[in-house]
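Reproduced below: model_23.tsv, with TSV, C-alpha atoms.
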```
chain	number	residue	atom	x	y	z
A	1	MET	CA	-23.39	-22.42	-89.08
A	2	PRO	CA	-20.52	-20.78	-90.97
A	3	GLU	CA	-16.98	-22.00	-90.32
A	4	ILE	CA	-15.40	-19.05	-88.51
A	5	LEU	CA	-11.64	-18.72	-88.98
A	6	TYR	CA	-11.08	-15.35	-87.25
A	7	GLU	CA	-13.36	-12.97	-85.39
A	8	ASP	CA	-13.11	-9.73	-83.44
A	9	ASN	CA	-15.16	-6.53	-83.07
A	10	HIS	CA	-14.09	-5.22	-86.49
A	11	ILE	CA	-13.77	-8.15	-88.91
A	12	ILE	CA	-14.93	-11.73	-89.32
A	13	ILE	CA	-13.27	-14.25	-91.64
A	14	VAL	CA	-15.06	-17.43	-92.77
A	15	ASN	CA	-14.34	-20.52	-94.85
A	16	LYS	CA	-16.89	-20.52	-97.68
A	17	LYS	CA	-18.20	-23.84	-98.95
A	18	CYS	CA	-18.52	-24.70	-102.64
A	19	GLY	CA	-21.93	-23.59	-103.89
A	20	GLU	CA	-22.44	-20.77	-101.40
A	21	ILE	CA	-22.88	-17.25	-102.76
A	22	VAL	CA	-21.26	-14.36	-100.93
A	23	GLN	CA	-23.80	-11.75	-101.99
A	24	GLY	CA	-27.36	-11.95	-103.34
A	25	ASP	CA	-27.96	-12.66	-107.03
A	26	LYS	CA	-30.90	-13.41	-109.32
A	27	THR	CA	-31.33	-16.91	-107.83
A	28	GLY	CA	-32.57	-15.41	-104.56
A	29	ASP	CA	-30.67	-18.10	-102.64
A	30	ILE	CA	-29.61	-17.53	-99.03
A	31	THR	CA	-26.18	-15.91	-99.04
A	32	LEU	CA	-23.07	-16.45	-96.94
A	33	ALA	CA	-23.50	-12.86	-95.72
A	34	ASP	CA	-27.03	-13.75	-94.49
A	35	THR	CA	-25.67	-16.78	-92.64
A	36	VAL	CA	-22.88	-14.77	-90.99
A	37	LYS	CA	-25.34	-12.05	-89.95
A	38	GLU	CA	-27.57	-14.68	-88.31
A	39	TYR	CA	-24.52	-16.15	-86.53
A	40	ILE	CA	-23.59	-12.71	-85.13
A	41	LYS	CA	-27.20	-12.01	-84.13
A	42	GLN	CA	-27.47	-15.25	-82.17
A	43	LYS	CA	-23.99	-15.26	-80.61
A	44	TYR	CA	-24.17	-11.69	-79.32
A	45	ASN	CA	-27.96	-11.55	-78.85
A	46	LYS	CA	-28.16	-8.45	-81.05
A	47	PRO	CA	-31.57	-7.00	-81.88
A	48	GLY	CA	-32.51	-5.41	-85.21
A	49	ASN	CA	-30.39	-5.26	-88.35
A	50	ILE	CA	-26.80	-6.50	-88.27
A	51	PHE	CA	-24.13	-4.51	-90.11
A	52	LEU	CA	-21.89	-6.68	-92.29
A	53	GLY	CA	-19.72	-5.17	-95.00
A	54	ILE	CA	-18.76	-7.24	-98.05
A	55	THR	CA	-15.15	-6.47	-98.94
A	56	HIS	CA	-14.63	-8.97	-101.78
A	57	ARG	CA	-16.24	-12.01	-103.37
A	58	LEU	CA	-15.46	-15.59	-104.37
A	59	ASP	CA	-17.09	-17.34	-107.32
A	60	ARG	CA	-19.99	-19.58	-106.29
A	61	PRO	CA	-18.20	-22.89	-107.14
A	62	THR	CA	-14.99	-21.77	-105.38
A	63	SER	CA	-14.30	-22.46	-101.69
A	64	GLY	CA	-12.19	-20.73	-99.07
A	65	ILE	CA	-11.52	-17.49	-97.26
A	66	VAL	CA	-13.95	-14.58	-97.31
A	67	ILE	CA	-13.35	-11.45	-95.21
A	68	PHE	CA	-16.32	-9.45	-93.91
A	69	ALA	CA	-16.26	-6.13	-92.05
A	70	ARG	CA	-18.28	-5.78	-88.85
A	71	THR	CA	-17.99	-1.96	-88.70
A	72	SER	CA	-18.16	0.80	-91.30
A	73	LYS	CA	-14.66	1.93	-90.28
A	74	ALA	CA	-13.24	-1.53	-90.99
A	75	LEU	CA	-15.16	-1.73	-94.28
A	76	THR	CA	-13.74	1.56	-95.57
A	77	ARG	CA	-10.20	0.60	-94.59
A	78	LEU	CA	-10.43	-2.94	-95.96
A	79	ASN	CA	-11.79	-1.66	-99.28
A	80	LYS	CA	-8.81	0.68	-99.52
A	81	MET	CA	-6.41	-2.14	-98.65
A	82	PHE	CA	-7.89	-4.38	-101.34
A	83	SER	CA	-7.64	-1.61	-103.95
A	84	GLU	CA	-4.01	-0.98	-102.97
A	85	GLN	CA	-3.25	-4.74	-103.02
A	86	LYS	CA	-2.26	-4.76	-99.36
A	87	ILE	CA	-4.20	-7.95	-98.68
A	88	HIS	CA	-2.22	-10.94	-99.90
A	89	LYS	CA	-4.21	-14.01	-100.88
A	90	THR	CA	-2.89	-17.48	-101.68
A	91	TYR	CA	-5.03	-19.90	-103.67
A	92	LEU	CA	-4.76	-23.63	-104.24
A	93	THR	CA	-6.04	-25.34	-107.34
A	94	VAL	CA	-6.01	-28.84	-108.79
A	95	VAL	CA	-5.61	-29.11	-112.57
A	96	ASN	CA	-5.60	-32.03	-114.99
A	97	ASN	CA	-2.44	-31.17	-116.94
A	98	LYS	CA	1.06	-30.30	-115.82
A	99	PRO	CA	1.76	-26.57	-116.36
A	100	PRO	CA	4.60	-25.50	-118.71
A	101	GLU	CA	6.95	-24.60	-115.83
A	102	LEU	CA	7.30	-25.79	-112.24
A	103	LYS	CA	7.19	-22.16	-111.12
A	104	ASP	CA	6.30	-19.10	-113.19
A	105	THR	CA	4.57	-15.73	-113.45
A	106	ILE	CA	2.03	-15.54	-116.25
A	107	THR	CA	0.34	-12.52	-117.78
A	108	HIS	CA	-2.70	-12.45	-120.07
A	109	TYR	CA	-5.28	-9.93	-121.23
A	110	LEU	CA	-8.80	-10.83	-120.12
A	111	VAL	CA	-12.03	-9.86	-121.83
A	112	ARG	CA	-15.19	-10.37	-119.79
A	113	ASN	CA	-18.38	-11.54	-121.51
A	114	ARG	CA	-21.15	-10.55	-119.11
A	115	LYS	CA	-23.87	-12.41	-121.01
A	116	GLN	CA	-21.94	-15.69	-120.63
A	117	ASN	CA	-20.52	-14.72	-117.22
A	118	LYS	CA	-17.13	-15.81	-118.50
A	119	SER	CA	-13.71	-14.27	-119.18
A	120	TYR	CA	-11.46	-15.05	-122.14
A	121	ALA	CA	-7.67	-14.85	-121.92
A	122	TYR	CA	-5.48	-13.51	-124.74
A	123	GLU	CA	-1.72	-13.44	-124.98
A	124	LYS	CA	-1.69	-9.95	-126.52
A	125	GLU	CA	-3.70	-6.87	-125.69
A	126	VAL	CA	-7.09	-6.72	-127.42
A	127	LYS	CA	-10.08	-4.36	-127.32
A	128	ASN	CA	-11.74	-4.05	-123.87
A	129	ALA	CA	-9.12	-6.30	-122.28
A	130	LYS	CA	-7.72	-5.93	-118.77
A	131	LYS	CA	-4.21	-7.06	-117.88
A	132	ALA	CA	-4.14	-10.07	-115.54
A	133	SER	CA	-1.09	-11.45	-113.77
A	134	LEU	CA	-0.43	-14.25	-111.29
A	135	SER	CA	2.41	-16.43	-110.05
A	136	TYR	CA	2.09	-20.17	-109.57
A	137	GLU	CA	4.15	-23.02	-108.19
A	138	LEU	CA	3.62	-26.75	-108.68
A	139	ILE	CA	3.68	-28.21	-105.15
A	140	GLY	CA	2.31	-31.74	-105.58
A	141	ASN	CA	0.73	-34.28	-107.89
A	142	SER	CA	-1.28	-37.49	-107.87
A	143	LYS	CA	-1.53	-40.01	-110.72
A	144	ASP	CA	-3.87	-37.79	-112.73
A	145	TYR	CA	-3.79	-34.31	-111.18
A	146	TYR	CA	-1.45	-31.46	-110.23
A	147	LEU	CA	-1.67	-29.23	-107.14
A	148	LEU	CA	-0.70	-25.58	-107.68
A	149	LYS	CA	-0.18	-22.72	-105.23
A	150	ILE	CA	-1.13	-19.33	-106.69
A	151	GLN	CA	-0.46	-15.71	-105.79
A	152	LEU	CA	-2.69	-13.17	-107.55
A	153	HIS	CA	-1.15	-9.87	-108.67
A	154	THR	CA	-4.44	-8.58	-110.09
A	155	GLY	CA	-8.06	-9.35	-109.20
A	156	ARG	CA	-9.88	-9.90	-112.48
A	157	HIS	CA	-13.18	-11.69	-113.11
A	158	HIS	CA	-12.59	-15.49	-113.12
A	159	GLN	CA	-8.89	-14.73	-113.50
A	160	ILE	CA	-7.38	-18.02	-112.26
A	161	ARG	CA	-9.95	-20.09	-114.12
A	162	ALA	CA	-9.45	-18.22	-117.41
A	163	GLN	CA	-5.65	-18.03	-117.26
A	164	PHE	CA	-5.12	-21.72	-116.54
A	165	ALA	CA	-7.67	-22.70	-119.18
A	166	LYS	CA	-5.57	-20.69	-121.63
A	167	LEU	CA	-2.54	-22.79	-120.59
A	168	GLY	CA	-4.51	-25.99	-121.20
A	169	CYS	CA	-4.53	-26.75	-117.46
A	170	TYR	CA	-8.21	-27.21	-116.61
A	171	ILE	CA	-9.37	-26.93	-113.01
A	172	LYS	CA	-11.05	-30.12	-111.83
A	173	GLY	CA	-14.82	-29.78	-112.05
A	174	ASP	CA	-14.80	-26.48	-113.95
A	175	LEU	CA	-17.09	-27.27	-116.89
A	176	LYS	CA	-17.36	-23.59	-117.82
A	177	TYR	CA	-13.64	-23.39	-118.51
A	178	GLY	CA	-13.05	-26.70	-120.23
A	179	PHE	CA	-12.88	-29.54	-117.69
A	180	PRO	CA	-14.92	-32.47	-119.09
A	181	ARG	CA	-16.88	-33.39	-115.94
A	182	SER	CA	-18.47	-31.58	-113.04
A	183	ASN	CA	-17.69	-32.44	-109.41
A	184	PRO	CA	-20.42	-34.24	-107.41
A	185	ASP	CA	-20.87	-31.20	-105.13
A	186	GLY	CA	-21.11	-28.78	-108.06
A	187	GLY	CA	-17.95	-26.99	-106.93
A	188	ILE	CA	-14.53	-26.75	-108.52
A	189	HIS	CA	-11.08	-27.50	-107.13
A	190	LEU	CA	-10.14	-23.87	-106.55
A	191	HIS	CA	-9.70	-22.79	-102.94
A	192	ALA	CA	-8.80	-19.46	-101.32
A	193	TYR	CA	-6.33	-20.99	-98.87
A	194	LYS	CA	-4.49	-18.24	-97.04
A	195	VAL	CA	-4.75	-14.50	-96.37
A	196	GLU	CA	-2.18	-12.13	-94.88
A	197	PHE	CA	-2.67	-8.46	-94.01
A	198	ILE	CA	-2.28	-5.83	-91.31
A	199	HIS	CA	-5.44	-5.46	-89.26
A	200	PRO	CA	-7.28	-2.33	-90.46
A	201	VAL	CA	-7.96	-1.06	-86.92
A	202	LYS	CA	-5.64	-2.87	-84.48
A	203	LYS	CA	-2.63	-2.73	-86.87
A	204	ASP	CA	-1.53	-6.24	-85.86
A	205	PRO	CA	-0.52	-8.84	-88.49
A	206	VAL	CA	-3.34	-11.22	-89.40
A	207	ILE	CA	-2.52	-14.57	-91.03
A	208	VAL	CA	-5.37	-17.01	-91.60
A	209	LYS	CA	-5.55	-20.38	-93.39
A	210	ALA	CA	-8.67	-22.26	-94.49
A	211	LYS	CA	-8.74	-26.03	-94.81
A	212	PRO	CA	-9.86	-27.20	-98.28
A	213	PRO	CA	-13.15	-29.10	-98.65
A	214	ASP	CA	-13.35	-32.66	-97.32
A	215	ASN	CA	-13.14	-34.82	-100.44
A	216	VAL	CA	-10.89	-37.58	-101.73
A	217	LEU	CA	-8.65	-35.47	-103.95
A	218	TRP	CA	-8.14	-32.54	-101.55
A	219	ASN	CA	-7.53	-35.05	-98.75
A	220	TYR	CA	-4.86	-36.77	-100.86
A	221	PHE	CA	-2.82	-33.56	-100.68
A	222	THR	CA	-3.34	-32.98	-96.92
A	223	ASP	CA	0.23	-33.91	-95.97
A	224	ILE	CA	1.68	-31.37	-98.42
A	225	LEU	CA	-0.45	-28.60	-96.89
A	226	ALA	CA	0.29	-29.49	-93.26
```
Structure re-expressed in structure tokens:
Amino acid sequence: MPEILYEDNHIIIVNKKCGEIVQGDKTGDITLADTVKEYIKQKYNKPGNIFLGITHRLDRPTSGIVIFARTSKALTRLNKMFSEQKIHKTYLTVVNNKPPELKDTITHYLVRNRKQNKSYAYEKEVKNAKKASLSYELIGNSKDYYLLKIQLHTGRHHQIRAQFAKLGCYIKGDLKYGFPRSNPDGGIHLHAYKVEFIHPVKKDPVIVKAKPPDNVLWNYFTDILA
């Protein structure tokens, strides 16, 4: 069963686990969308095909908030809101090195290598690059790791992973971007923690938080996030 964070007739918001894929890929694995459709089918005893619109994605090793549309009207409006940056997402990540500043906005130019499924960050504009910007704040640390809160200003491929790798701050478990070891669950310590937006149909404010995965390091920071 998916962990449902918010649900009404128009949208459904879930907390994705590390390793789940939002949408089908070449692996043919069962997707989070499939699981949510089955949940809706059983809960509401709906026959036939279930409509579920995918409004955005999270990388497979990343955990946290995913917003689905339950109607075509909501899907159209949510897509527009995402493109106009009217949906505000806050991420948490745990890195192995202290960032240069306690609080900062960083900008890089990202080049996506589709064959490697990886993005490379450059400090100056290069051919085929897309501008990427985010703000971060250091909000906690353990003996060996640092907890950062992140606001994305752009939505580029692997943006957080690539930008912090460029700073020399490697996300715990992220082998692809330079961390030396994988996590036991195959995920990485990057979590879509909070989302804020105006409901696309009801026009009410929606604010949703997703608890990070249950493991020793995330649990160490629980008090900070309370």
(Q) Could you tell me how far atom CA of A:Ile150 sits from atom CA of A:Tyr193, in Å to one decimal place? (A)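 Rounded to one decimal, the two atoms are 9.5 Å apart.
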Could you list, with a cut-off of 8 Å and counting all atoms listed in the file, the residues of stretch 143-175 of chain A near stretch 69-89 of chain A, each shown with its nearest atom pair and the distance in Å rounded to one decimal, rows sorted by chain and ascending number, as a tab-separated table?
```
residue	atom	partner	partner_atom	distance
A:Gln151	CA	A:Lys89	CA	6.4
A:Leu152	CA	A:Lys89	CA	6.9
A:His153	CA	A:Gln85	CA	7.9
```
Take the residues just selected and output them with C-alpha atoms as a PDB file, in the frame of the given file.
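Final output, selection_39.pdb:
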```
ATOM      1  CA  GLN A 151      -0.460 -15.710-105.790  1.00  0.00           C
ATOM      2  CA  LEU A 152      -2.690 -13.170-107.550  1.00  0.00           C
ATOM      3  CA  HIS A 153      -1.150  -9.870-108.670  1.00  0.00           C
TER       4      HIS A 153
END
```
Q: Please measure the separation of atom CA of A:Pro2 and atom CA of A:Ser182, giving the value in Å to one decimal.
A: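 Straight-line distance from atom CA of A:Pro2 to atom CA of A:Ser182 works out to 24.7 Å.
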Where does stretch 119-218 of chain A meet stretch 11-17 of chain A within 10 Å, residue by residue, with the nearest atom pair and distance in Å to one decimal for each, counting all atoms listed in the file, listed by chain and rising number, as CSV?
```
residue,atom,partner,partner_atom,distance
A:Asp185,CA,A:Lys17,CA,10.0
A:Gly187,CA,A:Lys17,CA,8.6
A:His191,CA,A:Lys16,CA,9.2
A:Ala192,CA,A:Asn15,CA,8.6
A:Tyr193,CA,A:Asn15,CA,9.0
A:Val195,CA,A:Ile13,CA,9.7
A:His199,CA,A:Ile11,CA,8.8
A:Pro200,CA,A:Ile11,CA,8.9
A:Val201,CA,A:Ile11,CA,9.4
A:Val208,CA,A:Ile13,CA,8.4
A:Lys209,CA,A:Asn15,CA,8.9
A:Ala210,CA,A:Asn15,CA,5.9
A:Lys211,CA,A:Asn15,CA,7.9
A:Pro212,CA,A:Asn15,CA,8.7
A:Pro213,CA,A:Lys17,CA,7.3
```
**Q.** Nearest candidate to A:Ile40 (options A:Asp59, A:Glu7, A:Glu196, A:Asp25; using only C-alpha atoms)
**A.**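 Ranking A:Asp59, A:Glu7, A:Glu196, A:Asp25 by distance to A:Ile40, first place goes to A:Glu7.
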Q: Fewer than 5 positions away in the same chain doesn't count, so skip those; otherwise give me all residues within 9 Å of A:Ile30, counting only C-alpha atoms, as number ranges by chain.
A: A: 20-21, 23-24, 35
Writer output for current selection, C-alpha atoms, as a JSON list (two decimals), in the frame of the given file:
```
[["chain", "number", "residue", "atom", "x", "y", "z"],
["A", 20, "GLU", "CA", -22.44, -20.77, -101.40],
["A", 21, "ILE", "CA", -22.88, -17.25, -102.76],
["A", 23, "GLN", "CA", -23.80, -11.75, -101.99],
["A", 24, "GLY", "CA", -27.36, -11.95, -103.34],
["A", 35, "THR", "CA", -25.67, -16.78, -92.64]]
```
Can stretch 180-206 of chain A be brought up to N, CA and C atoms and written out as a short mmCIF file (atom, residue, chain, number, x, y, z; two decimals), keeping the file's coordinate frame?
```cif
data_model
loop_
_atom_site.label_atom_id
_atom_site.label_comp_id
_atom_site.auth_asym_id
_atom_site.auth_seq_id
_atom_site.Cartn_x
_atom_site.Cartn_y
_atom_site.Cartn_z
N PRO A 180 -13.84 -31.67 -118.48
CA PRO A 180 -14.92 -32.47 -119.09
C PRO A 180 -16.06 -32.89 -118.18
N ARG A 181 -15.84 -32.90 -116.85
CA ARG A 181 -16.88 -33.39 -115.94
C ARG A 181 -17.04 -32.44 -114.76
N SER A 182 -18.25 -32.38 -114.24
CA SER A 182 -18.47 -31.58 -113.04
C SER A 182 -18.13 -32.41 -111.81
N ASN A 183 -17.88 -31.75 -110.68
CA ASN A 183 -17.69 -32.44 -109.41
C ASN A 183 -19.05 -32.78 -108.81
N PRO A 184 -19.13 -33.84 -108.01
CA PRO A 184 -20.42 -34.24 -107.41
C PRO A 184 -21.09 -33.12 -106.61
N ASP A 185 -20.29 -32.27 -105.94
CA ASP A 185 -20.87 -31.20 -105.13
C ASP A 185 -21.15 -29.93 -105.92
N GLY A 186 -20.87 -29.96 -107.23
CA GLY A 186 -21.11 -28.78 -108.06
C GLY A 186 -20.03 -27.72 -107.94
N GLY A 187 -19.04 -27.94 -107.09
CA GLY A 187 -17.95 -26.99 -106.93
C GLY A 187 -16.81 -27.28 -107.88
N ILE A 188 -15.74 -26.51 -107.76
CA ILE A 188 -14.53 -26.75 -108.52
C ILE A 188 -13.35 -26.80 -107.55
N HIS A 189 -12.26 -27.38 -107.99
CA HIS A 189 -11.08 -27.50 -107.13
C HIS A 189 -10.24 -26.22 -107.20
N LEU A 190 -10.83 -25.15 -106.72
CA LEU A 190 -10.14 -23.87 -106.55
C LEU A 190 -10.51 -23.36 -105.17
N HIS A 191 -9.47 -23.07 -104.36
CA HIS A 191 -9.70 -22.79 -102.94
C HIS A 191 -8.85 -21.61 -102.50
N ALA A 192 -9.51 -20.61 -101.91
CA ALA A 192 -8.80 -19.46 -101.32
C ALA A 192 -8.24 -19.92 -99.98
N TYR A 193 -6.94 -20.22 -99.95
CA TYR A 193 -6.33 -20.99 -98.87
C TYR A 193 -5.78 -20.15 -97.73
N LYS A 194 -5.20 -19.01 -98.05
CA LYS A 194 -4.49 -18.24 -97.04
C LYS A 194 -4.63 -16.75 -97.32
N VAL A 195 -4.69 -15.95 -96.24
CA VAL A 195 -4.75 -14.50 -96.37
C VAL A 195 -3.82 -13.88 -95.34
N GLU A 196 -3.11 -12.84 -95.76
CA GLU A 196 -2.18 -12.13 -94.88
C GLU A 196 -2.36 -10.62 -95.06
N PHE A 197 -2.52 -9.91 -93.94
CA PHE A 197 -2.67 -8.46 -94.01
C PHE A 197 -2.46 -7.86 -92.62
N ILE A 198 -2.34 -6.56 -92.58
CA ILE A 198 -2.28 -5.83 -91.31
C ILE A 198 -3.70 -5.43 -90.92
N HIS A 199 -4.08 -5.75 -89.71
CA HIS A 199 -5.44 -5.46 -89.26
C HIS A 199 -5.78 -3.99 -89.48
N PRO A 200 -6.95 -3.71 -90.10
CA PRO A 200 -7.28 -2.33 -90.46
C PRO A 200 -7.47 -1.38 -89.28
N VAL A 201 -7.74 -1.90 -88.10
CA VAL A 201 -7.96 -1.06 -86.92
C VAL A 201 -6.87 -1.30 -85.86
N LYS A 202 -6.61 -2.54 -85.52
CA LYS A 202 -5.64 -2.87 -84.48
C LYS A 202 -4.19 -2.73 -84.93
N LYS A 203 -3.97 -2.84 -86.26
CA LYS A 203 -2.63 -2.73 -86.87
C LYS A 203 -1.73 -3.92 -86.55
N ASP A 204 -2.30 -5.01 -86.09
CA ASP A 204 -1.53 -6.24 -85.86
C ASP A 204 -1.54 -7.08 -87.14
N PRO A 205 -0.50 -7.92 -87.34
CA PRO A 205 -0.52 -8.84 -88.49
C PRO A 205 -1.62 -9.89 -88.32
N VAL A 206 -2.32 -10.17 -89.40
CA VAL A 206 -3.34 -11.22 -89.40
C VAL A 206 -2.94 -12.23 -90.48
#
```
